[in-house]
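Asker: query_13.txt (compact mmCIF, C-alpha atoms) pasted underneath:
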```
# COMPACT_ATOMS: atom_id res chain seq x y z
CA MET A 180 -33.81 -36.62 -47.61
CA ARG A 181 -34.79 -40.26 -47.28
CA TYR A 182 -37.06 -42.02 -49.75
CA ARG A 183 -38.97 -45.28 -49.75
CA ILE A 184 -39.29 -47.09 -53.08
CA ASP A 185 -42.96 -47.58 -53.90
CA VAL A 186 -45.30 -48.04 -56.82
CA TYR A 187 -46.49 -44.50 -56.17
CA GLN A 188 -44.15 -41.53 -56.09
CA THR A 189 -44.89 -38.21 -54.44
CA ASN A 190 -42.81 -35.06 -54.03
CA TYR A 191 -44.48 -33.70 -50.89
CA HIS A 192 -44.30 -34.85 -47.30
CA THR A 193 -47.87 -35.31 -46.02
CA ASN A 194 -49.20 -38.03 -48.31
CA SER A 195 -51.03 -41.35 -48.18
CA LEU A 196 -49.43 -42.97 -51.23
CA SER A 197 -45.82 -43.29 -50.07
CA ASP A 198 -46.10 -43.52 -46.29
CA ASN A 199 -45.30 -39.80 -45.91
CA THR A 200 -42.00 -40.11 -47.73
CA PRO A 201 -39.88 -38.25 -48.67
CA TYR A 202 -39.10 -36.82 -45.25
CA THR A 203 -36.17 -35.00 -43.66
CA THR A 204 -33.54 -37.26 -42.12
CA SER A 205 -32.59 -36.35 -38.56
CA PRO A 206 -28.97 -35.59 -37.56
CA GLU A 207 -28.95 -38.76 -35.47
CA GLU A 208 -29.60 -40.78 -38.64
CA GLY A 209 -26.88 -39.01 -40.61
CA GLY A 210 -28.92 -36.09 -41.90
CA TYR A 211 -27.71 -32.55 -42.53
CA VAL A 212 -26.38 -30.58 -39.56
CA SER A 213 -25.64 -26.85 -39.61
CA PHE A 214 -22.13 -25.99 -38.44
CA PRO A 215 -21.83 -22.39 -37.24
CA LYS A 216 -18.56 -20.65 -38.06
CA LYS A 217 -17.26 -17.11 -38.30
CA VAL A 218 -17.06 -15.60 -41.81
CA GLU A 219 -15.06 -12.47 -42.72
CA GLY A 220 -14.71 -10.52 -45.97
CA HIS A 221 -16.40 -7.99 -48.24
CA VAL A 222 -19.74 -8.67 -49.89
CA ILE A 223 -20.19 -7.06 -53.31
CA ARG A 224 -22.74 -7.36 -56.10
CA GLU A 225 -20.67 -8.55 -59.05
CA ARG A 226 -20.67 -11.46 -61.50
CA SER A 227 -17.79 -13.33 -63.00
CA LYS A 228 -16.83 -12.15 -66.51
CA SER A 229 -17.61 -15.63 -67.82
CA PHE A 230 -21.28 -14.81 -67.30
CA ASP A 231 -21.04 -12.15 -70.01
CA ASP A 232 -20.73 -14.83 -72.70
CA PHE A 233 -24.39 -15.39 -73.45
CA PHE A 234 -24.25 -16.86 -76.93
CA THR A 235 -21.37 -19.32 -77.29
CA GLN A 236 -23.35 -22.25 -75.88
CA PRO A 237 -26.54 -21.50 -77.87
CA ARG A 238 -24.38 -21.19 -81.02
CA ILE A 239 -22.74 -24.58 -80.37
CA PHE A 240 -26.17 -26.12 -79.85
CA TRP A 241 -27.42 -24.61 -83.12
CA ASN A 242 -24.33 -25.80 -85.02
CA SER A 243 -24.88 -29.33 -83.74
CA LEU A 244 -28.47 -29.69 -84.97
CA THR A 245 -29.50 -31.46 -88.14
CA ARG A 246 -31.37 -29.60 -90.87
CA ILE A 247 -34.69 -31.00 -89.69
CA GLU A 248 -33.97 -30.10 -86.07
CA LYS A 249 -33.07 -26.56 -87.10
CA GLN A 250 -36.37 -26.28 -88.96
CA HIS A 251 -38.23 -27.48 -85.88
CA THR A 252 -36.39 -24.92 -83.75
CA ILE A 253 -37.30 -22.11 -86.16
CA GLU A 254 -40.94 -23.19 -86.10
CA ALA A 255 -40.91 -23.31 -82.30
CA LEU A 256 -39.39 -19.83 -82.03
CA SER A 257 -41.84 -18.50 -84.60
CA TYR A 258 -44.75 -20.01 -82.69
CA GLN A 259 -43.68 -18.72 -79.28
CA LEU A 260 -42.73 -15.22 -80.40
CA GLY A 261 -45.65 -15.04 -82.82
CA SER A 262 -47.93 -15.43 -79.80
CA VAL A 263 -46.55 -12.23 -78.25
CA ASN A 264 -48.82 -9.21 -78.78
CA SER A 265 -46.10 -6.58 -78.35
CA GLU A 266 -44.25 -5.92 -81.60
CA SER A 267 -41.47 -4.26 -79.59
CA VAL A 268 -40.91 -7.42 -77.54
CA ARG A 269 -40.92 -9.57 -80.68
CA GLN A 270 -38.32 -7.29 -82.25
CA GLN A 271 -36.10 -7.34 -79.16
CA ASN A 272 -36.08 -11.12 -79.14
CA VAL A 273 -35.17 -11.34 -82.82
CA ASP A 274 -32.39 -8.78 -82.25
CA MET A 275 -31.02 -11.20 -79.66
CA LEU A 276 -31.39 -14.30 -81.84
CA VAL A 277 -29.08 -12.85 -84.50
CA ASN A 278 -26.20 -13.53 -82.10
CA VAL A 279 -26.96 -17.24 -82.33
CA ASP A 280 -27.48 -17.50 -86.09
CA LYS A 281 -28.08 -14.73 -88.62
CA GLU A 282 -30.05 -16.75 -91.16
CA MET A 283 -32.25 -18.25 -88.46
CA SER A 284 -33.04 -14.83 -87.02
CA TYR A 285 -33.98 -13.51 -90.48
CA ILE A 286 -36.47 -16.36 -91.04
CA VAL A 287 -38.03 -15.89 -87.59
CA ALA A 288 -38.24 -12.11 -88.15
CA ASP A 289 -40.09 -12.64 -91.44
CA ASN A 290 -42.43 -15.16 -89.80
CA ILE A 291 -43.46 -12.88 -86.93
CA GLY A 292 -43.69 -9.62 -88.83
CA VAL A 293 -40.74 -7.59 -87.50
CA ASN A 294 -37.61 -6.10 -89.07
CA ARG A 295 -34.64 -8.30 -89.83
CA PRO A 296 -31.97 -7.61 -87.19
CA SER A 297 -28.55 -6.10 -87.79
CA GLY A 298 -25.36 -7.73 -86.53
CA SER A 299 -24.18 -11.29 -86.89
CA GLN A 300 -23.74 -14.50 -84.95
CA VAL A 301 -20.83 -15.13 -82.63
CA LEU A 302 -17.80 -16.61 -84.37
CA VAL A 303 -18.05 -20.14 -83.01
CA SER A 304 -17.88 -23.21 -85.24
CA THR A 305 -17.73 -25.92 -82.58
CA ILE A 306 -20.04 -28.90 -83.07
CA TYR A 307 -20.96 -31.61 -80.59
CA PRO A 308 -22.79 -34.49 -82.32
CA SER A 309 -24.12 -35.64 -78.95
CA LEU A 310 -26.36 -32.56 -78.80
CA SER A 311 -28.42 -33.78 -81.75
CA GLN A 312 -31.28 -36.21 -81.21
CA ALA A 313 -30.29 -37.82 -84.51
CA ASN A 314 -27.25 -39.27 -82.74
CA THR A 315 -28.96 -40.62 -79.66
CA PRO A 316 -29.16 -44.41 -79.18
CA LYS A 317 -32.16 -45.84 -81.02
CA TYR A 318 -33.63 -48.81 -79.19
CA ALA A 319 -37.08 -50.30 -79.00
CA TYR A 320 -36.32 -50.42 -75.28
CA SER A 321 -38.28 -47.75 -73.34
CA GLN A 322 -40.46 -46.70 -76.30
CA LYS A 323 -44.16 -46.23 -75.50
CA VAL A 324 -46.75 -47.90 -77.72
CA GLY A 325 -50.44 -47.02 -77.43
CA VAL A 326 -52.76 -49.99 -78.07
CA LEU A 327 -56.10 -48.72 -79.44
CA ILE A 328 -58.52 -51.50 -78.65
CA GLY A 329 -62.17 -52.52 -78.27
CA ASN A 330 -63.97 -55.82 -77.75
CA GLY A 331 -63.93 -58.75 -80.18
CA PHE A 332 -60.25 -58.80 -81.11
CA ASN A 333 -58.08 -61.83 -81.86
CA GLY A 334 -56.80 -62.59 -78.36
CA LYS A 335 -53.89 -64.84 -79.29
CA GLU A 336 -52.64 -62.49 -81.99
CA VAL A 337 -52.72 -59.37 -79.80
CA ALA A 338 -51.30 -61.14 -76.74
CA ASN A 339 -48.34 -62.46 -78.76
CA VAL A 340 -47.53 -58.98 -80.07
CA LEU A 341 -47.80 -57.30 -76.66
CA ASN A 342 -45.76 -60.00 -74.92
CA MET A 343 -42.98 -59.67 -77.47
CA LEU A 344 -42.96 -55.89 -77.16
CA LYS A 345 -42.77 -56.15 -73.38
CA GLU A 346 -39.92 -58.68 -73.60
CA TYR A 347 -37.84 -56.05 -75.36
CA GLY A 348 -38.61 -53.34 -72.85
CA VAL A 349 -41.37 -51.52 -74.72
CA PHE A 350 -43.93 -49.76 -72.52
CA ILE A 351 -47.51 -50.73 -73.39
CA VAL A 352 -50.44 -48.33 -72.83
CA ILE A 353 -53.89 -49.87 -73.38
CA VAL A 354 -56.22 -47.15 -74.67
CA SER A 355 -59.97 -47.43 -75.24
CA GLU A 356 -63.25 -45.57 -74.96
CA THR A 357 -63.63 -46.08 -71.18
CA LEU A 358 -61.64 -47.59 -68.33
CA GLY A 359 -62.38 -51.18 -67.36
CA THR A 360 -61.63 -54.26 -69.44
CA VAL A 361 -61.95 -55.34 -73.07
CA THR A 362 -62.57 -58.92 -74.09
CA GLY A 363 -61.44 -60.74 -77.22
CA LYS A 364 -63.30 -63.40 -79.20
CA ASP A 365 -61.49 -66.14 -77.28
CA GLY A 366 -62.10 -64.57 -73.86
CA THR A 367 -58.70 -62.86 -73.60
CA GLN A 368 -59.04 -59.73 -71.49
CA PHE A 369 -56.96 -56.60 -71.14
CA LYS A 370 -57.35 -53.87 -68.57
CA MET A 371 -57.50 -50.36 -69.98
CA GLU A 372 -54.97 -47.94 -68.53
CA GLU A 373 -56.00 -44.81 -70.42
CA THR A 374 -58.95 -43.49 -72.39
CA PHE A 375 -58.90 -41.31 -75.48
CA LEU A 376 -59.66 -38.41 -73.14
CA THR A 377 -56.91 -39.05 -70.58
CA THR A 378 -53.98 -39.56 -72.95
CA SER A 379 -52.91 -38.15 -76.30
CA PRO A 380 -51.31 -39.44 -79.51
CA TYR A 381 -48.60 -36.84 -78.96
CA LEU A 382 -47.52 -38.69 -75.80
CA LEU A 383 -47.00 -41.99 -77.61
CA ASP A 384 -44.01 -43.10 -79.67
CA SER A 385 -46.08 -45.50 -81.75
CA ILE A 386 -49.62 -46.88 -81.99
CA TYR A 387 -50.95 -50.41 -82.47
CA ILE A 388 -54.46 -50.34 -83.91
CA VAL A 389 -56.36 -53.38 -82.72
CA GLY A 390 -59.83 -51.93 -83.22
CA GLY A 391 -62.94 -53.79 -82.10
CA ASN A 392 -66.43 -53.07 -80.82
CA THR A 393 -67.51 -50.55 -78.19
CA LYS A 394 -70.77 -49.12 -76.85
CA ASN A 395 -70.27 -45.92 -78.82
CA GLN A 396 -68.79 -47.27 -82.04
CA ASN A 397 -68.93 -43.99 -83.97
CA LYS A 398 -67.02 -42.14 -81.24
CA PHE A 399 -64.49 -44.97 -80.99
CA THR A 400 -63.91 -44.88 -84.76
CA TYR A 401 -63.49 -41.11 -84.69
CA ASP A 402 -60.94 -41.26 -81.87
CA VAL A 403 -58.91 -44.05 -83.46
CA ASN A 404 -58.79 -42.13 -86.75
CA GLU A 405 -57.63 -39.02 -84.89
CA TYR A 406 -54.76 -40.95 -83.26
CA LEU A 407 -53.95 -42.50 -86.63
CA THR A 408 -53.81 -39.10 -88.33
CA VAL A 409 -51.49 -37.62 -85.70
CA ALA A 410 -49.18 -40.66 -85.73
CA TYR A 411 -48.92 -40.58 -89.52
CA LYS A 412 -48.28 -36.82 -89.67
CA HIS A 413 -45.45 -37.16 -87.13
CA TYR A 414 -43.85 -40.18 -88.85
CA LYS A 415 -44.61 -42.50 -85.96
CA PRO A 416 -44.69 -46.26 -86.62
CA ILE A 417 -48.20 -47.67 -86.96
CA GLY A 418 -48.98 -51.31 -86.26
CA VAL A 419 -52.28 -52.89 -87.29
CA ALA A 420 -53.95 -56.07 -86.00
CA SER A 421 -56.20 -58.17 -88.18
CA SER A 422 -59.23 -56.64 -86.44
CA GLY A 423 -58.01 -53.12 -87.21
CA HIS A 424 -57.82 -53.28 -91.01
CA PHE A 425 -61.04 -51.28 -91.29
CA PHE A 426 -59.26 -48.14 -90.17
CA ILE A 427 -56.48 -48.51 -92.72
CA LYS A 428 -58.83 -49.19 -95.62
CA LYS A 429 -60.87 -46.17 -94.66
CA SER A 430 -57.76 -44.01 -94.36
CA LYS A 431 -56.45 -45.03 -97.78
CA LYS A 432 -59.62 -43.71 -99.40
CA THR A 433 -60.15 -40.56 -97.41
CA ILE A 434 -56.85 -39.38 -95.99
CA TRP A 435 -53.66 -40.62 -97.66
CA PRO A 436 -52.77 -42.52 -100.82
CA LYS A 437 -50.20 -44.57 -98.92
CA LEU A 438 -49.76 -45.69 -95.33
CA PHE A 439 -46.73 -47.44 -93.97
CA LEU A 440 -47.91 -50.47 -92.04
CA LEU A 441 -45.80 -52.21 -89.46
CA VAL A 442 -47.18 -55.71 -88.91
CA THR A 443 -44.29 -57.44 -87.16
CA ILE A 444 -41.78 -56.59 -84.48
CA ARG A 445 -38.99 -56.83 -87.05
CA THR A 446 -40.52 -54.20 -89.33
CA LEU A 447 -41.22 -52.05 -86.28
CA GLU A 448 -37.53 -52.08 -85.45
CA ARG A 449 -36.40 -51.55 -89.04
CA ASN A 450 -38.62 -48.57 -89.70
CA LEU A 451 -37.75 -46.97 -86.38
CA SER A 452 -34.05 -47.60 -87.11
CA LEU A 453 -34.04 -49.40 -83.78
CA ARG A 454 -31.65 -52.02 -82.50
CA LEU A 455 -32.34 -54.67 -79.92
CA PRO A 456 -30.84 -53.69 -76.55
CA SER A 457 -28.61 -56.76 -76.63
CA SER A 458 -27.49 -59.49 -79.01
CA ASP A 459 -28.75 -62.17 -76.65
CA SER A 460 -29.13 -65.27 -78.84
CA ARG A 461 -32.07 -66.60 -76.83
CA LYS A 462 -34.10 -63.45 -77.45
CA GLU A 463 -33.05 -63.36 -81.08
CA ASN A 464 -34.15 -66.98 -81.58
CA SER A 465 -37.45 -66.40 -79.80
CA LEU A 466 -38.08 -63.40 -82.03
CA ASN A 467 -37.41 -65.42 -85.16
CA THR A 468 -39.69 -68.20 -83.91
CA PHE A 469 -42.42 -65.66 -83.23
CA LEU A 470 -42.12 -64.19 -86.71
CA LYS A 471 -42.35 -67.64 -88.30
CA LYS A 472 -45.61 -68.21 -86.45
CA ARG A 473 -46.88 -64.97 -87.86
```
Mind turning the file's structure into structure tokens?
Answerer:
Amino acid sequence: MRYRIDVYQTNYHTNSLSDNTPYTTSPEEGGYVSFPKKVEGHVIRERSKSFDDFFTQPRIFWNSLTRIEKQHTIEALSYQLGSVNSESVRQQNVDMLVNVDKEMSYIVADNIGVNRPSGSQVLVSTIYPSLSQANTPKYAYSQKVGVLIGNGFNGKEVANVLNMLKEYGVFIVIVSETLGTVTGKDGTQFKMEETFLTTSPYLLDSIYIVGGNTKNQNKFTYDVNEYLTVAYKHYKPIGVASSGHFFIKKSKKTIWPKLFLLVTIRTLERNLSLRLPSSDSRKENSLNTFLKKR
């Protein structure tokens, strides 16, 4: 298959966004060519014995998870199996899970209302730290930050924050009530890329609450508070601009006694346990200069 690099990407041939790419490459251009040849032998329906080992890999994966990741896995299994109407099917699945981990299968069984299974997990103690998300590289680079914004914000302040985030490879998603543009007090404008209806706080790694004024202020306030609640519940970093303090003061009184605020790039990195993608001195100096201005 041959592809053309474009802003738009499609995975079907007849399209208007990528000039009908991808498309099949002809043999003359080096594409695939069938080569007919004679084949002899016996065809049987049989699998290799290695396919009979169903539980070693799941057991290694389970062994490699942190306590929190194991709890999340148990909750996921309990949710999925708890949504099954057939008690027989729920029981059969739990009877299979015991091969991965006995204690885990007992907890899931109790959660979904079936009998605890007999048997035990496979005798595998291998652990691969690389299978745990706790051991993945933690960079600000490639994280996605949702900017919740309306009109009347401090243009210089917000622009400085967004430019610094972009310099370190952070993806910025401007979110507001409607698509179009928002305008700050000094005339600074940003183009909205998403609305509260077209994206979700669950799709963002962090949020930056700028706040501001919109046509439907009550709806805007409701949506920002919803994103704030989800971010807080999932331990996501929350940044607040000077024009967004209203939402934090309101939250302190009505939702939580404490809220962890991230007001600079440095605290964003520290609380995410992130590292800069490089030790480039120029970037480090520009970051320090930026923080001094703050």
Asker: Excluding Tyr258 in chain A and its own-chain neighbours fewer than 5 positions away, which residues fall within 10 Å of it when counting all atoms listed in the file? Please give them as a list in words.
Answerer: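 Here the qualifying residues turn out to be Thr252, Ile253, Val263, Val287, Asn290 and Ile291 of chain A.
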Asker: Here is a test: counting only C-alpha atoms, which residue of A:Leu341, A:Ile388, A:Val403, A:Leu376 is nearest to Ile417 in chain A?
Answerer: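 For Ile417 in chain A, the nearest of the given residues is A:Ile388.
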Asker: Tell me, as a list of chain:residue names, which residues lie within 9 Å of Ser385 in chain A, counting all atoms listed in the file; anything in the same chain fewer than 4 positions away does not count.
Answerer: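 Returned residues: A:Gln322, A:Lys323, A:Val324, A:Gly325, A:Val326, A:Pro380, A:Ala410, A:Lys415, A:Pro416, A:Ile417, A:Gly418.
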Asker: From the options A:Val268, A:Ile247, A:Val409, A:Leu310, which residue's atoms come nearest to Val293 in chain A, counting all atoms listed in the file?
Answerer: A:Val268
Asker: At a cut-off of 12 Å, using only C-alpha atoms, what residues contact Asp289 in chain A? Leave out same-chain residues fewer than 3 positions from it and give the result as a PDB file with C-alpha atoms, in the frame of the given file.
Answerer:
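Okay, result_39.pdb is ready:
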```pdb
ATOM      1  CA  ILE A 253     -37.300 -22.110 -86.160  1.00  0.00           C
ATOM      2  CA  GLU A 254     -40.940 -23.190 -86.100  1.00  0.00           C
ATOM      3  CA  LEU A 256     -39.390 -19.830 -82.030  1.00  0.00           C
ATOM      4  CA  SER A 257     -41.840 -18.500 -84.600  1.00  0.00           C
ATOM      5  CA  LEU A 260     -42.730 -15.220 -80.400  1.00  0.00           C
ATOM      6  CA  GLY A 261     -45.650 -15.040 -82.820  1.00  0.00           C
ATOM      7  CA  ARG A 269     -40.920  -9.570 -80.680  1.00  0.00           C
ATOM      8  CA  GLN A 270     -38.320  -7.290 -82.250  1.00  0.00           C
ATOM      9  CA  VAL A 273     -35.170 -11.340 -82.820  1.00  0.00           C
ATOM     10  CA  GLU A 282     -30.050 -16.750 -91.160  1.00  0.00           C
ATOM     11  CA  MET A 283     -32.250 -18.250 -88.460  1.00  0.00           C
ATOM     12  CA  SER A 284     -33.040 -14.830 -87.020  1.00  0.00           C
ATOM     13  CA  TYR A 285     -33.980 -13.510 -90.480  1.00  0.00           C
ATOM     14  CA  ILE A 286     -36.470 -16.360 -91.040  1.00  0.00           C
ATOM     15  CA  GLY A 292     -43.690  -9.620 -88.830  1.00  0.00           C
ATOM     16  CA  VAL A 293     -40.740  -7.590 -87.500  1.00  0.00           C
ATOM     17  CA  ASN A 294     -37.610  -6.100 -89.070  1.00  0.00           C
ATOM     18  CA  ARG A 295     -34.640  -8.300 -89.830  1.00  0.00           C
ATOM     19  CA  PRO A 296     -31.970  -7.610 -87.190  1.00  0.00           C
TER      20      PRO A 296
END
```
Asker: Determine the nearest neighbour of Tyr202 in chain A from the options A:Thr400, A:Asn190, A:Val337, A:Phe240, counting all atoms listed in the file.
Answerer: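 That would be A:Asn190, the residue with the smallest distance to Tyr202 in chain A.
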Asker: To one decimal place in Å, what is the distance between CA of Phe425 in chain A and CA of Gly391 in chain A?
Answerer: 9.7 Å
Asker: Identify which of the residues A:Tyr387, A:Glu356, A:Asn330, A:Val419 lies closest to Leu344 in chain A, counting all atoms listed in the file when measuring atom-to-atom distances.
Answerer: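 Closest residue, counting all atoms listed in the file: A:Tyr387.
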Asker: If I only have part of range 187-206 of chain A, can you fill in N, CA and C atoms and write it as a short mmCIF file (atom, residue, chain, number, x, y, z; two decimals), in the coordinates of the input?
Answerer:
```cif
data_model
loop_
_atom_site.label_atom_id
_atom_site.label_comp_id
_atom_site.auth_asym_id
_atom_site.auth_seq_id
_atom_site.Cartn_x
_atom_site.Cartn_y
_atom_site.Cartn_z
N TYR A 187 -46.11 -45.90 -56.04
CA TYR A 187 -46.49 -44.50 -56.17
C TYR A 187 -45.31 -43.61 -55.79
N GLN A 188 -45.21 -42.47 -56.40
CA GLN A 188 -44.15 -41.53 -56.09
C GLN A 188 -44.77 -40.16 -55.85
N THR A 189 -44.41 -39.54 -54.77
CA THR A 189 -44.89 -38.21 -54.44
C THR A 189 -43.71 -37.31 -54.15
N ASN A 190 -43.90 -36.00 -54.30
CA ASN A 190 -42.81 -35.06 -54.03
C ASN A 190 -43.19 -34.08 -52.92
N TYR A 191 -44.11 -34.51 -52.04
CA TYR A 191 -44.48 -33.70 -50.89
C TYR A 191 -44.58 -34.62 -49.68
N HIS A 192 -44.48 -34.03 -48.50
CA HIS A 192 -44.30 -34.85 -47.30
C HIS A 192 -45.60 -35.51 -46.83
N THR A 193 -46.64 -34.74 -46.55
CA THR A 193 -47.87 -35.31 -46.02
C THR A 193 -48.64 -35.98 -47.15
N ASN A 194 -48.54 -37.30 -47.23
CA ASN A 194 -49.20 -38.03 -48.31
C ASN A 194 -49.61 -39.41 -47.82
N SER A 195 -50.55 -40.01 -48.54
CA SER A 195 -51.03 -41.35 -48.18
C SER A 195 -50.54 -42.42 -49.14
N LEU A 196 -49.85 -42.02 -50.21
CA LEU A 196 -49.43 -42.97 -51.23
C LEU A 196 -48.06 -43.56 -50.97
N SER A 197 -47.20 -42.82 -50.28
CA SER A 197 -45.82 -43.29 -50.07
C SER A 197 -45.41 -43.25 -48.61
N ASP A 198 -46.40 -43.45 -47.72
CA ASP A 198 -46.10 -43.52 -46.29
C ASP A 198 -45.38 -42.27 -45.80
N ASN A 199 -45.83 -41.11 -46.29
CA ASN A 199 -45.30 -39.80 -45.91
C ASN A 199 -43.83 -39.61 -46.26
N THR A 200 -43.34 -40.38 -47.22
CA THR A 200 -42.00 -40.11 -47.73
C THR A 200 -42.14 -39.30 -49.01
N PRO A 201 -41.15 -38.45 -49.37
CA PRO A 201 -39.88 -38.25 -48.67
C PRO A 201 -40.04 -37.41 -47.40
N TYR A 202 -39.10 -37.61 -46.48
CA TYR A 202 -39.10 -36.82 -45.25
C TYR A 202 -37.67 -36.48 -44.88
N THR A 203 -37.51 -35.46 -44.06
CA THR A 203 -36.17 -35.00 -43.66
C THR A 203 -35.52 -35.99 -42.70
N THR A 204 -34.29 -36.34 -42.97
CA THR A 204 -33.54 -37.26 -42.12
C THR A 204 -32.94 -36.49 -40.95
N SER A 205 -33.10 -37.02 -39.76
CA SER A 205 -32.59 -36.35 -38.56
C SER A 205 -31.07 -36.44 -38.48
N PRO A 206 -30.42 -35.53 -37.74
CA PRO A 206 -28.97 -35.59 -37.56
C PRO A 206 -28.50 -36.91 -36.96
#
```
